[in-house]
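*Asks:* Sending over a structure as structure tokens; questions will come in a sec.
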Amino acid sequence: MKQVASLRRSLSLFQITLYGIGTILGAGIYVLLGEVASISGMATPLAFLVSAIIVSFSAYAYAQLSSRFPQSAGEAVYVAEGLRVNALATLVGIAIVLGGIVSSATLLNGFIGYFKFFMPLPKSLLVIVIVSLFCSLACWGVKQSVGMAVITTLIEIVGLLMVFASGSEQISSQGINWKGFAAADIGSLPIISGAFLAFYAFIGFEDMVNMAEEVKNPRRNLPIAIFLALIITTLLYATVAIVALSIVPLEQLSSSEAPLALVVEQGGLFSPGVMAFIGIVAILNGAMIQMIMASRVLYGMANNALIPKLLGYVSPRTRTPTIATILVGILVATFALWFPLVTLAQATSSLVLLVFILVNLSLAAINWRERRWFRLTIPLTGSILCATFAGLQLLN
């Protein structure tokens, strides 16, 4: 009997952690800082912190469940095991795939804003070329594609260090704009609306669990990597937001399509073109990681008989889910060409909030059946926070 090809387990703790950091950073501070600032004003750092607190409860649920069920299509598996409703598990898996596709499309729209620093090419041409390259790389092999993601993540971090350096001279002479932050409107509308958009900036840690079948010792390494990625990115986001709002006028920052390039230009230490290039690298890294994640979810769902088996096909030569990857690429290009950035980011946040609610409830259900009463508090709180957050955003 012919043996079916399987995914290659080759990712270390360091690699999967940087994989998570890369997709979170690319999806967040490089794209949405200006958009969040236009909503929350000087309360932007607080909006990021509110999102981080809400996300941390769900991160706990993901860490716990990934150590129990280290499989691709993680969320679908968690819901199937926890809530024991296959139809709901299928719906969750589809929501995650759609979220990854929409997120990647969001990042490609952000990429267009940074690319304008160099040359004005047609959006449709750029999207098609980039998606085609990503599909080819993702089909080539996970070690190659994640290896590229690790390199670009390090470049993203260098870019943020440039932001800190650019702001250090002005901040050392003028100080942090504490008066501006203290005078910020911290009413529910600007904070909640900004935090809902900033929530998108933390999307990425959940992608890590869908690489479980390609991670070494996933029961140990995945939970550690999830928390490391979330802690590091939260600190970076809060610091970058404070620096940016201390040296760039709010009106300029909130209207910029390339906010970090503007911060570097204001500081005068580096060329804004260098920062624009790093912004492009960060955004494209995030987009590629989202595409890889979505294809792995389709692969895992097909292996669990939740969707057609064809999407679970793995190339014997590259050991990657090629059919699922190509389908994801086609859908990413379609969404990127049809919808604007903010609409895509808000749609992604809504989808992921729904999934987070169900993942938290799944962990609570498992703990209930195992009579671990003291472990019910965190997942139940996480589901309530996500549901409240989504409800308040709808009301606003």
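Here's how to read the names in the structure tokens: chain A, B, ... by the order shown, residue numbers from 1 in each chain, ligand numbers from 1 in the order shown.
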So which residues touch Ile289 in chain A within 12 Å, counting only C-alpha atoms, skipping near sequence neighbours fewer than 3 positions away, as a ChimeraX atom specification?

*Replies:* /A:16,18-27,100-101,103-105,107,131,134-135,137-138,142,145-150,152-153,203-208,210-211,282-286,292-296,325,328-329

*Asks:* For C-alpha atoms, I'd like the residues from the last selection saved as a short mmCIF file (atom, residue, chain, number, x, y, z; two decimals), in the first residue's frame.

*Replies:*
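Generated output (out28.cif):
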```cif
data_model
loop_
_atom_site.label_atom_id
_atom_site.label_comp_id
_atom_site.auth_asym_id
_atom_site.auth_seq_id
_atom_site.Cartn_x
_atom_site.Cartn_y
_atom_site.Cartn_z
CA ILE A 16 8.18 29.06 15.74
CA LEU A 18 9.91 34.26 15.48
CA TYR A 19 7.23 32.95 13.11
CA GLY A 20 4.60 34.21 15.57
CA ILE A 21 6.35 37.52 16.24
CA GLY A 22 6.68 38.08 12.51
CA THR A 23 3.05 37.67 11.67
CA ILE A 24 1.92 39.75 14.67
CA LEU A 25 4.30 42.63 13.89
CA GLY A 26 3.58 42.62 10.17
CA ALA A 27 -0.15 42.69 10.81
CA GLY A 100 -6.17 34.29 7.36
CA ILE A 101 -7.13 35.06 3.77
CA SER A 103 -5.74 39.25 6.93
CA SER A 104 -3.27 38.55 4.15
CA ALA A 105 -5.36 40.72 1.81
CA LEU A 107 -1.54 43.37 4.59
CA VAL A 131 0.67 36.43 -4.34
CA PHE A 134 4.27 33.64 -2.08
CA CYS A 135 2.37 30.63 -3.39
CA LEU A 137 7.60 29.80 -1.92
CA ALA A 138 4.94 28.20 0.30
CA VAL A 142 7.96 24.85 5.03
CA SER A 145 9.21 29.60 3.73
CA VAL A 146 9.47 29.78 7.53
CA GLY A 147 13.23 30.35 7.22
CA MET A 148 12.45 33.37 5.07
CA ALA A 149 9.86 34.47 7.66
CA VAL A 150 12.49 34.27 10.44
CA THR A 152 12.28 39.04 7.67
CA THR A 153 11.11 39.06 11.30
CA ILE A 203 -3.71 38.47 15.35
CA GLY A 204 -0.96 35.99 14.61
CA PHE A 205 -0.24 34.04 17.79
CA GLU A 206 -3.18 31.74 16.97
CA ASP A 207 -1.58 30.96 13.60
CA MET A 208 1.25 29.23 15.41
CA ASN A 210 -1.73 25.46 12.92
CA MET A 211 1.97 24.71 12.35
CA ALA A 282 7.34 43.37 7.48
CA ILE A 283 3.99 43.54 5.73
CA LEU A 284 4.88 40.95 3.11
CA ASN A 285 6.22 38.64 5.82
CA GLY A 286 2.91 38.85 7.66
CA ILE A 292 0.85 29.45 4.98
CA MET A 293 -1.40 29.22 8.04
CA ALA A 294 -4.63 29.16 6.03
CA SER A 295 -3.35 26.37 3.79
CA ARG A 296 -2.38 24.29 6.86
CA THR A 325 -1.94 26.72 -0.92
CA VAL A 328 -5.62 30.30 -0.62
CA GLY A 329 -3.50 32.40 -2.99
#
```

*Asks:* Can you tell me, as a PDB file with all heavy atoms, in the first residue's frame, what residues are no more than 10 Å from range 359-375 of chain A when counting only C-alpha atoms, ignoring any on the same chain fewer than 4 positions away?

*Replies:*
```pdb
ATOM      1  N   PHE A  57      -6.107  36.335  27.525  1.00  0.00           N
ATOM      2  CA  PHE A  57      -6.948  35.242  28.013  1.00  0.00           C
ATOM      3  C   PHE A  57      -7.094  34.151  26.950  1.00  0.00           C
ATOM      4  O   PHE A  57      -7.027  32.955  27.256  1.00  0.00           O
ATOM      5  CB  PHE A  57      -8.326  35.778  28.418  1.00  0.00           C
ATOM      6  CG  PHE A  57      -8.316  36.555  29.697  1.00  0.00           C
ATOM      7  CD1 PHE A  57      -8.085  37.921  29.692  1.00  0.00           C
ATOM      8  CD2 PHE A  57      -8.540  35.931  30.918  1.00  0.00           C
ATOM      9  CE1 PHE A  57      -8.072  38.650  30.877  1.00  0.00           C
ATOM     10  CE2 PHE A  57      -8.528  36.646  32.111  1.00  0.00           C
ATOM     11  CZ  PHE A  57      -8.287  38.010  32.087  1.00  0.00           C
ATOM     12  N   SER A  58      -7.287  34.573  25.715  1.00  0.00           N
ATOM     13  CA  SER A  58      -7.397  33.598  24.635  1.00  0.00           C
ATOM     14  C   SER A  58      -6.064  32.916  24.363  1.00  0.00           C
ATOM     15  O   SER A  58      -6.020  31.725  24.017  1.00  0.00           O
ATOM     16  CB  SER A  58      -7.909  34.285  23.361  1.00  0.00           C
ATOM     17  OG  SER A  58      -9.210  34.797  23.562  1.00  0.00           O
ATOM     18  N   ALA A  59      -4.959  33.652  24.543  1.00  0.00           N
ATOM     19  CA  ALA A  59      -3.634  33.049  24.375  1.00  0.00           C
ATOM     20  C   ALA A  59      -3.437  31.908  25.359  1.00  0.00           C
ATOM     21  O   ALA A  59      -2.839  30.872  25.030  1.00  0.00           O
ATOM     22  CB  ALA A  59      -2.554  34.108  24.554  1.00  0.00           C
ATOM     23  N   TYR A  60      -3.948  32.079  26.578  1.00  0.00           N
ATOM     24  CA  TYR A  60      -3.874  31.012  27.573  1.00  0.00           C
ATOM     25  C   TYR A  60      -4.624  29.767  27.081  1.00  0.00           C
ATOM     26  O   TYR A  60      -4.120  28.636  27.199  1.00  0.00           O
ATOM     27  CB  TYR A  60      -4.462  31.488  28.898  1.00  0.00           C
ATOM     28  CG  TYR A  60      -4.618  30.393  29.937  1.00  0.00           C
ATOM     29  CD1 TYR A  60      -3.544  30.014  30.737  1.00  0.00           C
ATOM     30  CD2 TYR A  60      -5.828  29.729  30.105  1.00  0.00           C
ATOM     31  CE1 TYR A  60      -3.670  29.004  31.677  1.00  0.00           C
ATOM     32  CE2 TYR A  60      -5.971  28.723  31.046  1.00  0.00           C
ATOM     33  CZ  TYR A  60      -4.895  28.360  31.829  1.00  0.00           C
ATOM     34  OH  TYR A  60      -5.025  27.351  32.754  1.00  0.00           O
ATOM     35  N   ALA A  61      -5.820  29.982  26.533  1.00  0.00           N
ATOM     36  CA  ALA A  61      -6.610  28.853  26.034  1.00  0.00           C
ATOM     37  C   ALA A  61      -5.878  28.138  24.899  1.00  0.00           C
ATOM     38  O   ALA A  61      -5.819  26.905  24.847  1.00  0.00           O
ATOM     39  CB  ALA A  61      -7.982  29.335  25.571  1.00  0.00           C
ATOM     40  N   TYR A  62      -5.294  28.914  24.005  1.00  0.00           N
ATOM     41  CA  TYR A  62      -4.549  28.314  22.887  1.00  0.00           C
ATOM     42  C   TYR A  62      -3.340  27.540  23.401  1.00  0.00           C
ATOM     43  O   TYR A  62      -3.030  26.448  22.892  1.00  0.00           O
ATOM     44  CB  TYR A  62      -4.098  29.403  21.915  1.00  0.00           C
ATOM     45  CG  TYR A  62      -5.105  29.716  20.836  1.00  0.00           C
ATOM     46  CD1 TYR A  62      -6.140  30.609  21.070  1.00  0.00           C
ATOM     47  CD2 TYR A  62      -5.031  29.121  19.583  1.00  0.00           C
ATOM     48  CE1 TYR A  62      -7.071  30.915  20.084  1.00  0.00           C
ATOM     49  CE2 TYR A  62      -5.946  29.408  18.589  1.00  0.00           C
ATOM     50  CZ  TYR A  62      -6.963  30.309  18.846  1.00  0.00           C
ATOM     51  OH  TYR A  62      -7.875  30.598  17.864  1.00  0.00           O
ATOM     52  N   GLN A  64      -2.917  26.085  26.322  1.00  0.00           N
ATOM     53  CA  GLN A  64      -3.364  24.856  26.968  1.00  0.00           C
ATOM     54  C   GLN A  64      -3.804  23.803  25.950  1.00  0.00           C
ATOM     55  O   GLN A  64      -3.434  22.631  26.038  1.00  0.00           O
ATOM     56  CB  GLN A  64      -4.530  25.168  27.911  1.00  0.00           C
ATOM     57  CG  GLN A  64      -4.144  25.967  29.150  1.00  0.00           C
ATOM     58  CD  GLN A  64      -3.293  25.156  30.107  1.00  0.00           C
ATOM     59  OE1 GLN A  64      -3.647  24.040  30.480  1.00  0.00           O
ATOM     60  NE2 GLN A  64      -2.157  25.709  30.492  1.00  0.00           N
ATOM     61  N   LEU A  65      -4.592  24.218  24.987  1.00  0.00           N
ATOM     62  CA  LEU A  65      -5.141  23.263  24.016  1.00  0.00           C
ATOM     63  C   LEU A  65      -4.083  22.771  23.033  1.00  0.00           C
ATOM     64  O   LEU A  65      -4.127  21.620  22.591  1.00  0.00           O
ATOM     65  CB  LEU A  65      -6.310  23.907  23.271  1.00  0.00           C
ATOM     66  CG  LEU A  65      -7.562  24.131  24.128  1.00  0.00           C
ATOM     67  CD1 LEU A  65      -8.556  25.054  23.424  1.00  0.00           C
ATOM     68  CD2 LEU A  65      -8.232  22.792  24.461  1.00  0.00           C
ATOM     69  N   GLY A  74      -5.817  23.604  14.227  1.00  0.00           N
ATOM     70  CA  GLY A  74      -5.927  23.572  15.681  1.00  0.00           C
ATOM     71  C   GLY A  74      -7.279  23.956  16.215  1.00  0.00           C
ATOM     72  O   GLY A  74      -7.895  23.213  16.995  1.00  0.00           O
ATOM     73  N   GLU A  75      -7.820  25.127  15.803  1.00  0.00           N
ATOM     74  CA  GLU A  75      -9.090  25.591  16.360  1.00  0.00           C
ATOM     75  C   GLU A  75     -10.228  24.628  16.061  1.00  0.00           C
ATOM     76  O   GLU A  75     -11.085  24.379  16.923  1.00  0.00           O
ATOM     77  CB  GLU A  75      -9.440  26.982  15.806  1.00  0.00           C
ATOM     78  CG  GLU A  75      -8.507  28.082  16.276  1.00  0.00           C
ATOM     79  CD  GLU A  75      -7.330  28.307  15.361  1.00  0.00           C
ATOM     80  OE1 GLU A  75      -7.075  27.421  14.518  1.00  0.00           O
ATOM     81  OE2 GLU A  75      -6.668  29.340  15.479  1.00  0.00           O
ATOM     82  N   ALA A  76     -10.260  24.093  14.850  1.00  0.00           N
ATOM     83  CA  ALA A  76     -11.315  23.143  14.499  1.00  0.00           C
ATOM     84  C   ALA A  76     -11.221  21.891  15.373  1.00  0.00           C
ATOM     85  O   ALA A  76     -12.237  21.356  15.838  1.00  0.00           O
ATOM     86  CB  ALA A  76     -11.223  22.774  13.019  1.00  0.00           C
ATOM     87  N   VAL A  77      -9.996  21.438  15.609  1.00  0.00           N
ATOM     88  CA  VAL A  77      -9.787  20.274  16.470  1.00  0.00           C
ATOM     89  C   VAL A  77     -10.198  20.592  17.903  1.00  0.00           C
ATOM     90  O   VAL A  77     -10.859  19.784  18.575  1.00  0.00           O
ATOM     91  CB  VAL A  77      -8.312  19.815  16.420  1.00  0.00           C
ATOM     92  CG1 VAL A  77      -8.056  18.706  17.434  1.00  0.00           C
ATOM     93  CG2 VAL A  77      -7.945  19.341  15.023  1.00  0.00           C
ATOM     94  N   TYR A  78      -9.835  21.777  18.404  1.00  0.00           N
ATOM     95  CA  TYR A  78     -10.167  22.154  19.777  1.00  0.00           C
ATOM     96  C   TYR A  78     -11.681  22.183  19.997  1.00  0.00           C
ATOM     97  O   TYR A  78     -12.185  21.677  21.015  1.00  0.00           O
ATOM     98  CB  TYR A  78      -9.608  23.540  20.112  1.00  0.00           C
ATOM     99  CG  TYR A  78      -8.121  23.702  19.891  1.00  0.00           C
ATOM    100  CD1 TYR A  78      -7.567  24.972  19.726  1.00  0.00           C
ATOM    101  CD2 TYR A  78      -7.258  22.606  19.852  1.00  0.00           C
ATOM    102  CE1 TYR A  78      -6.207  25.136  19.522  1.00  0.00           C
ATOM    103  CE2 TYR A  78      -5.901  22.769  19.649  1.00  0.00           C
ATOM    104  CZ  TYR A  78      -5.372  24.030  19.471  1.00  0.00           C
ATOM    105  OH  TYR A  78      -4.022  24.194  19.264  1.00  0.00           O
ATOM    106  N   VAL A  79     -12.402  22.771  19.036  1.00  0.00           N
ATOM    107  CA  VAL A  79     -13.861  22.859  19.164  1.00  0.00           C
ATOM    108  C   VAL A  79     -14.501  21.483  19.054  1.00  0.00           C
ATOM    109  O   VAL A  79     -15.440  21.159  19.790  1.00  0.00           O
ATOM    110  CB  VAL A  79     -14.433  23.830  18.110  1.00  0.00           C
ATOM    111  CG1 VAL A  79     -15.957  23.783  18.095  1.00  0.00           C
ATOM    112  CG2 VAL A  79     -13.956  25.252  18.395  1.00  0.00           C
ATOM    113  N   ALA A  80     -13.968  20.646  18.162  1.00  0.00           N
ATOM    114  CA  ALA A  80     -14.502  19.286  18.023  1.00  0.00           C
ATOM    115  C   ALA A  80     -14.294  18.490  19.311  1.00  0.00           C
ATOM    116  O   ALA A  80     -15.188  17.753  19.752  1.00  0.00           O
ATOM    117  CB  ALA A  80     -13.826  18.581  16.853  1.00  0.00           C
ATOM    118  N   GLU A  81     -13.121  18.648  19.928  1.00  0.00           N
ATOM    119  CA  GLU A  81     -12.827  17.921  21.164  1.00  0.00           C
ATOM    120  C   GLU A  81     -13.557  18.504  22.364  1.00  0.00           C
ATOM    121  O   GLU A  81     -13.982  17.777  23.261  1.00  0.00           O
ATOM    122  CB  GLU A  81     -11.315  17.938  21.433  1.00  0.00           C
ATOM    123  CG  GLU A  81     -10.476  17.203  20.406  1.00  0.00           C
ATOM    124  CD  GLU A  81     -10.585  15.697  20.533  1.00  0.00           C
ATOM    125  OE1 GLU A  81     -11.088  15.221  21.579  1.00  0.00           O
ATOM    126  OE2 GLU A  81     -10.162  14.993  19.591  1.00  0.00           O
ATOM    127  N   GLY A  82     -13.688  19.833  22.385  1.00  0.00           N
ATOM    128  CA  GLY A  82     -14.287  20.489  23.546  1.00  0.00           C
ATOM    129  C   GLY A  82     -15.799  20.524  23.517  1.00  0.00           C
ATOM    130  O   GLY A  82     -16.466  20.072  24.458  1.00  0.00           O
ATOM    131  N   LEU A  83     -16.352  21.067  22.436  1.00  0.00           N
ATOM    132  CA  LEU A  83     -17.807  21.218  22.334  1.00  0.00           C
ATOM    133  C   LEU A  83     -18.489  20.026  21.668  1.00  0.00           C
ATOM    134  O   LEU A  83     -19.715  19.896  21.733  1.00  0.00           O
ATOM    135  CB  LEU A  83     -18.137  22.516  21.577  1.00  0.00           C
ATOM    136  CG  LEU A  83     -17.549  23.794  22.213  1.00  0.00           C
ATOM    137  CD1 LEU A  83     -17.957  25.015  21.405  1.00  0.00           C
ATOM    138  CD2 LEU A  83     -17.991  23.942  23.663  1.00  0.00           C
ATOM    139  N   ARG A  84     -17.692  19.185  20.994  1.00  0.00           N
ATOM    140  CA  ARG A  84     -18.178  17.938  20.402  1.00  0.00           C
ATOM    141  C   ARG A  84     -19.319  18.147  19.413  1.00  0.00           C
ATOM    142  O   ARG A  84     -20.295  17.398  19.393  1.00  0.00           O
ATOM    143  CB  ARG A  84     -18.597  16.964  21.516  1.00  0.00           C
ATOM    144  CG  ARG A  84     -17.424  16.548  22.397  1.00  0.00           C
ATOM    145  CD  ARG A  84     -17.815  15.598  23.501  1.00  0.00           C
ATOM    146  NE  ARG A  84     -16.643  15.138  24.230  1.00  0.00           N
ATOM    147  CZ  ARG A  84     -16.688  14.338  25.297  1.00  0.00           C
ATOM    148  NH1 ARG A  84     -17.871  13.932  25.765  1.00  0.00           N
ATOM    149  NH2 ARG A  84     -15.579  13.957  25.904  1.00  0.00           N
ATOM    150  N   ALA A  89     -17.239  22.765  14.521  1.00  0.00           N
ATOM    151  CA  ALA A  89     -15.795  22.685  14.287  1.00  0.00           C
ATOM    152  C   ALA A  89     -15.459  23.054  12.839  1.00  0.00           C
ATOM    153  O   ALA A  89     -14.482  23.767  12.577  1.00  0.00           O
ATOM    154  CB  ALA A  89     -15.288  21.279  14.600  1.00  0.00           C
ATOM    155  N   VAL A  92     -15.775  26.799  12.471  1.00  0.00           N
ATOM    156  CA  VAL A  92     -14.617  27.476  13.063  1.00  0.00           C
ATOM    157  C   VAL A  92     -13.414  27.390  12.132  1.00  0.00           C
ATOM    158  O   VAL A  92     -12.702  28.378  11.919  1.00  0.00           O
ATOM    159  CB  VAL A  92     -14.284  26.873  14.442  1.00  0.00           C
ATOM    160  CG1 VAL A  92     -12.905  27.315  14.908  1.00  0.00           C
ATOM    161  CG2 VAL A  92     -15.331  27.285  15.458  1.00  0.00           C
ATOM    162  N   LEU A 353     -12.479  37.120  16.709  1.00  0.00           N
ATOM    163  CA  LEU A 353     -13.170  37.203  17.998  1.00  0.00           C
ATOM    164  C   LEU A 353     -14.164  36.064  18.158  1.00  0.00           C
ATOM    165  O   LEU A 353     -14.272  35.456  19.229  1.00  0.00           O
ATOM    166  CB  LEU A 353     -13.888  38.551  18.125  1.00  0.00           C
ATOM    167  CG  LEU A 353     -13.064  39.722  18.660  1.00  0.00           C
ATOM    168  CD1 LEU A 353     -13.838  41.020  18.523  1.00  0.00           C
ATOM    169  CD2 LEU A 353     -12.664  39.496  20.113  1.00  0.00           C
ATOM    170  N   LEU A 354     -14.909  35.767  17.107  1.00  0.00           N
ATOM    171  CA  LEU A 354     -15.861  34.652  17.147  1.00  0.00           C
ATOM    172  C   LEU A 354     -15.137  33.340  17.438  1.00  0.00           C
ATOM    173  O   LEU A 354     -15.581  32.542  18.280  1.00  0.00           O
ATOM    174  CB  LEU A 354     -16.610  34.556  15.813  1.00  0.00           C
ATOM    175  CG  LEU A 354     -17.509  33.330  15.626  1.00  0.00           C
ATOM    176  CD1 LEU A 354     -18.645  33.329  16.652  1.00  0.00           C
ATOM    177  CD2 LEU A 354     -18.080  33.290  14.204  1.00  0.00           C
ATOM    178  N   VAL A 355     -14.020  33.119  16.779  1.00  0.00           N
ATOM    179  CA  VAL A 355     -13.252  31.891  16.990  1.00  0.00           C
ATOM    180  C   VAL A 355     -12.695  31.845  18.408  1.00  0.00           C
ATOM    181  O   VAL A 355     -12.733  30.801  19.069  1.00  0.00           O
ATOM    182  CB  VAL A 355     -12.124  31.783  15.950  1.00  0.00           C
ATOM    183  CG1 VAL A 355     -11.208  30.604  16.269  1.00  0.00           C
ATOM    184  CG2 VAL A 355     -12.707  31.634  14.556  1.00  0.00           C
ATOM    185  N   PRO A 379     -10.654  30.612  30.937  1.00  0.00           N
ATOM    186  CA  PRO A 379     -11.332  30.510  29.634  1.00  0.00           C
ATOM    187  C   PRO A 379     -12.723  31.131  29.606  1.00  0.00           C
ATOM    188  O   PRO A 379     -13.120  31.706  28.586  1.00  0.00           O
ATOM    189  CB  PRO A 379     -11.382  28.995  29.384  1.00  0.00           C
ATOM    190  CG  PRO A 379     -11.200  28.365  30.712  1.00  0.00           C
ATOM    191  CD  PRO A 379     -10.315  29.286  31.480  1.00  0.00           C
ATOM    192  N   LEU A 380     -13.465  31.034  30.719  1.00  0.00           N
ATOM    193  CA  LEU A 380     -14.789  31.664  30.751  1.00  0.00           C
ATOM    194  C   LEU A 380     -14.656  33.185  30.699  1.00  0.00           C
ATOM    195  O   LEU A 380     -15.426  33.865  29.998  1.00  0.00           O
ATOM    196  CB  LEU A 380     -15.554  31.240  32.006  1.00  0.00           C
ATOM    197  CG  LEU A 380     -16.073  29.797  32.011  1.00  0.00           C
ATOM    198  CD1 LEU A 380     -16.757  29.481  33.337  1.00  0.00           C
ATOM    199  CD2 LEU A 380     -17.039  29.562  30.839  1.00  0.00           C
ATOM    200  N   THR A 381     -13.663  33.725  31.410  1.00  0.00           N
ATOM    201  CA  THR A 381     -13.421  35.161  31.355  1.00  0.00           C
ATOM    202  C   THR A 381     -13.015  35.584  29.943  1.00  0.00           C
ATOM    203  O   THR A 381     -13.461  36.619  29.435  1.00  0.00           O
ATOM    204  CB  THR A 381     -12.315  35.566  32.352  1.00  0.00           C
ATOM    205  OG1 THR A 381     -12.695  35.176  33.666  1.00  0.00           O
ATOM    206  CG2 THR A 381     -12.070  37.067  32.304  1.00  0.00           C
ATOM    207  N   GLY A 382     -12.170  34.773  29.310  1.00  0.00           N
ATOM    208  CA  GLY A 382     -11.754  35.071  27.940  1.00  0.00           C
ATOM    209  C   GLY A 382     -12.910  35.123  26.970  1.00  0.00           C
ATOM    210  O   GLY A 382     -13.004  36.030  26.134  1.00  0.00           O
ATOM    211  N   SER A 383     -13.838  34.158  27.082  1.00  0.00           N
ATOM    212  CA  SER A 383     -14.988  34.142  26.176  1.00  0.00           C
ATOM    213  C   SER A 383     -15.907  35.329  26.431  1.00  0.00           C
ATOM    214  O   SER A 383     -16.424  35.946  25.490  1.00  0.00           O
ATOM    215  CB  SER A 383     -15.756  32.821  26.314  1.00  0.00           C
ATOM    216  OG  SER A 383     -16.245  32.664  27.632  1.00  0.00           O
ATOM    217  N   ILE A 384     -16.095  35.680  27.702  1.00  0.00           N
ATOM    218  CA  ILE A 384     -16.954  36.828  28.045  1.00  0.00           C
ATOM    219  C   ILE A 384     -16.327  38.132  27.543  1.00  0.00           C
ATOM    220  O   ILE A 384     -17.022  38.999  26.983  1.00  0.00           O
ATOM    221  CB  ILE A 384     -17.194  36.889  29.569  1.00  0.00           C
ATOM    222  CG1 ILE A 384     -18.057  35.703  30.006  1.00  0.00           C
ATOM    223  CG2 ILE A 384     -17.868  38.202  29.959  1.00  0.00           C
ATOM    224  CD1 ILE A 384     -18.133  35.523  31.515  1.00  0.00           C
ATOM    225  N   CYS A 386     -14.213  38.563  25.014  1.00  0.00           N
ATOM    226  CA  CYS A 386     -14.291  38.622  23.554  1.00  0.00           C
ATOM    227  C   CYS A 386     -15.713  38.938  23.091  1.00  0.00           C
ATOM    228  O   CYS A 386     -15.914  39.742  22.174  1.00  0.00           O
ATOM    229  CB  CYS A 386     -13.809  37.309  22.944  1.00  0.00           C
ATOM    230  SG  CYS A 386     -12.026  37.030  23.080  1.00  0.00           S
TER     231      CYS A 386
END
```

*Asks:* Compare A:Ser38, A:Gly93, A:Leu108, A:Leu310 by their minimum atom-to-atom distance to Leu344 in chain A, counting only C-alpha atoms, and give me the closest one.

*Replies:*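 Of A:Ser38, A:Gly93, A:Leu108, A:Leu310, the one nearest Leu344 in chain A is A:Leu108, counting only C-alpha atoms.
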
*Asks:* For range 157-160 of chain A, please output as a PyMOL selection string all residues within 12 Å (counting only C-alpha atoms; exclusion window: fewer than 3 positions along the same chain).

*Replies:* chain A and resi 18+21-22+24-26+29-30+150-154+163-167+232-233+235-241+243-244+259-261+263-264+270-282

*Asks:* Which residues, written as an NGL selection string, have at least one atom at most 9 Å from Tyr313 in chain A, with only C-alpha atoms counted and residues fewer than 2 positions away on the same chain left out?

*Replies:* :A and (4-5 or 299 or 302 or 309-311 or 315 or 320-324)

*Asks:* Counting only C-alpha atoms, figure out which residue out of A:Val85, A:Leu222, A:Ile130, A:Val314 gets nearest to Met291 in chain A.

*Replies:*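 Selected residue with least distance to Met291 in chain A: A:Ile130.
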
*Asks:* So, with only C-alpha atoms as the atoms that count, which of A:Ile242, A:Val36, A:Leu49, A:Leu98 lies closest to Ser168 in chain A?

*Replies:*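 Ranked by minimum distance to Ser168 in chain A, first place goes to A:Ile242.
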
*Asks:* DSSP on the backbone, then: every residue of range 78-319 of chain A marked helix (DSSP H, G or I), written as a PyMOL selection string.

*Replies:* chain A and resi 78-82+86-115+123-140+142-174+178-182+188-202+205-214+218-247+250-254+259-267+272-303+309-312
